[in-house]
Amino acid sequence: MGRDGLTLIEVIVAMLVLTVGLLGLAAGTGYAIRNVELARVETNRAAAKQSAVETLQATPFDDVVAGSETIGAYQVTWSQLSSDSNWRLMEIVVEGPGRVAGGTVRGMVSDTIQYRLVAR
């Protein structure tokens with residue numbers, strides 16, 4: 001006598017395997033979306049810092065003074081920490097959305113870098 005169909009146990013096991021697979025896919029999608037958002041925020045922060053450095057580099061050495069600008073969602077300020085006749089040590093502070101410990105995005109994170117501007 002031949003088998004023409006599936007037993008109830010086989011159907012339940014197949015549904016269980018499919019459910020576990022779909023749940024894993026859903027969890028992986030959430031993880032990917034979170035990481036894409038974190039990467040977007042970090043990229044925008046880096047672009048804001050780079051813009052401030054380029055602004056300082058484009059300014060004639062003798063005309064460099066403290067300043068600020070708004071770049072997208074970020075407030076960027078820079079000031080002079082110390083100087084010599086051939087260089088100036090600038091502090092660049094970026095405030096805006098950013099990643100904090102634990103990998104979450106917060107609305108207001110402050111990030112500080114120092115940049116040595118050399119006379120040409």
# chains A, B, ... in the order shown; residues from 1 in each chain; ligands from 1
call {"tool": "residues_around", "arguments": {"residues": "Tyr74 of chain A", "least_positions_apart": "5", "cutoff": "9 Å", "atoms": "only C-alpha atoms", "output": "number ranges by chain"}}
result
A: 44-45, 48, 69, 94-97
call {"tool": "residues_around", "arguments": {"residues": "segment 115-119 of chain A", "least_positions_apart": "2", "cutoff": "8 Å", "atoms": "only C-alpha atoms", "output": "PyMOL selection string"}}
result
chain A and resi 53+56-57+61+86-92+113
call {"tool": "write_last_selection", "arguments": {"atoms": "N, CA and C atoms", "output": "JSON list (two decimals), in the first residue's frame"}}
result
[["chain", "number", "residue", "atom", "x", "y", "z"],
["A", 53, "VAL", "N", 37.70, 70.60, 9.27],
["A", 53, "VAL", "CA", 39.13, 70.56, 8.94],
["A", 53, "VAL", "C", 39.38, 71.23, 7.60],
["A", 56, "LEU", "N", 39.21, 74.99, 7.92],
["A", 56, "LEU", "CA", 40.44, 75.52, 8.52],
["A", 56, "LEU", "C", 41.59, 75.51, 7.51],
["A", 57, "GLN", "N", 41.70, 74.44, 6.73],
["A", 57, "GLN", "CA", 42.78, 74.35, 5.74],
["A", 57, "GLN", "C", 42.62, 75.40, 4.63],
["A", 61, "PHE", "N", 46.52, 81.02, 6.83],
["A", 61, "PHE", "CA", 47.03, 80.71, 8.17],
["A", 61, "PHE", "C", 46.88, 81.88, 9.13],
["A", 86, "ASN", "N", 54.71, 78.68, 13.30],
["A", 86, "ASN", "CA", 54.50, 77.79, 12.15],
["A", 86, "ASN", "C", 53.29, 76.87, 12.27],
["A", 87, "TRP", "N", 52.64, 76.83, 13.40],
["A", 87, "TRP", "CA", 51.51, 75.92, 13.57],
["A", 87, "TRP", "C", 50.50, 76.45, 14.58],
["A", 88, "ARG", "N", 49.29, 75.93, 14.51],
["A", 88, "ARG", "CA", 48.24, 76.22, 15.49],
["A", 88, "ARG", "C", 47.55, 74.92, 15.83],
["A", 89, "LEU", "N", 47.37, 74.65, 17.10],
["A", 89, "LEU", "CA", 46.65, 73.47, 17.55],
["A", 89, "LEU", "C", 45.20, 73.87, 17.77],
["A", 90, "MET", "N", 44.32, 73.28, 16.94],
["A", 90, "MET", "CA", 42.91, 73.63, 16.98],
["A", 90, "MET", "C", 42.11, 72.49, 17.62],
["A", 91, "GLU", "N", 41.10, 72.86, 18.39],
["A", 91, "GLU", "CA", 40.19, 71.89, 18.97],
["A", 91, "GLU", "C", 38.87, 72.01, 18.20],
["A", 92, "ILE", "N", 38.40, 70.88, 17.68],
["A", 92, "ILE", "CA", 37.14, 70.85, 16.94],
["A", 92, "ILE", "C", 36.14, 70.02, 17.74],
["A", 113, "ILE", "N", 38.00, 66.56, 18.74],
["A", 113, "ILE", "CA", 39.27, 66.16, 18.15],
["A", 113, "ILE", "C", 40.21, 67.36, 18.15]]
call {"tool": "closest_residue", "arguments": {"among": "A:Gly103, A:Gly67, A:Gly5, A:Gly30", "to": "Ser79 of chain A", "atoms": "only C-alpha atoms"}}
result
A:Gly67
call {"tool": "closest_residue", "arguments": {"among": "A:Val105, A:Ile12, A:Thr112, A:Val93", "to": "Glu37 of chain A", "atoms": "only C-alpha atoms"}}
result
A:Val105
call {"tool": "select_by_dssp", "arguments": {"residues": "chain A", "states": "strand (DSSP E)", "output": "ChimeraX atom specification"}}
result
/A:67-71,74-83,87-100,104-118
call {"tool": "residues_around", "arguments": {"residues": "Arg99 of chain A", "least_positions_apart": "3", "cutoff": "9 Å", "atoms": "only C-alpha atoms", "output": "list in words"}}
result
Leu38, Val41, Glu42, Gly102, Gly103, Thr104, Val105, Arg106 and Val109 of chain A
call {"tool": "write_last_selection", "arguments": {"atoms": "N, CA and C atoms", "output": "short mmCIF file (atom, residue, chain, number, x, y, z; two decimals), in the first residue's frame"}}
result
data_model
loop_
_atom_site.label_atom_id
_atom_site.label_comp_id
_atom_site.auth_asym_id
_atom_site.auth_seq_id
_atom_site.Cartn_x
_atom_site.Cartn_y
_atom_site.Cartn_z
N LEU A 38 23.25 53.11 12.52
CA LEU A 38 24.47 53.51 13.23
C LEU A 38 25.54 53.95 12.25
N VAL A 41 24.77 57.49 10.95
CA VAL A 41 25.07 58.53 11.93
C VAL A 41 26.59 58.76 12.01
N GLU A 42 27.37 57.68 12.07
CA GLU A 42 28.83 57.81 12.15
C GLU A 42 29.40 58.47 10.90
N GLY A 102 27.25 51.01 24.13
CA GLY A 102 26.14 50.09 23.95
C GLY A 102 25.59 50.12 22.54
N GLY A 103 26.11 51.04 21.71
CA GLY A 103 25.72 51.07 20.31
C GLY A 103 24.38 51.71 20.02
N THR A 104 23.86 52.53 20.93
CA THR A 104 22.59 53.19 20.66
C THR A 104 22.84 54.60 20.17
N VAL A 105 21.89 55.16 19.43
CA VAL A 105 21.99 56.51 18.91
C VAL A 105 21.28 57.45 19.87
N ARG A 106 21.96 58.52 20.25
CA ARG A 106 21.39 59.55 21.13
C ARG A 106 21.28 60.85 20.35
N VAL A 109 25.29 64.19 21.28
CA VAL A 109 26.56 63.62 21.70
C VAL A 109 27.65 64.61 21.32
#
call {"tool": "select_by_dssp", "arguments": {"residues": "chain A", "states": "alpha helix (DSSP H)", "output": "ChimeraX atom specification"}}
result
/A:8-58
call {"tool": "atom_distance", "arguments": {"atom1": "atom CA of Val100 of chain A", "atom2": "atom CA of Ala46 of chain A"}}
result
15.0 Å
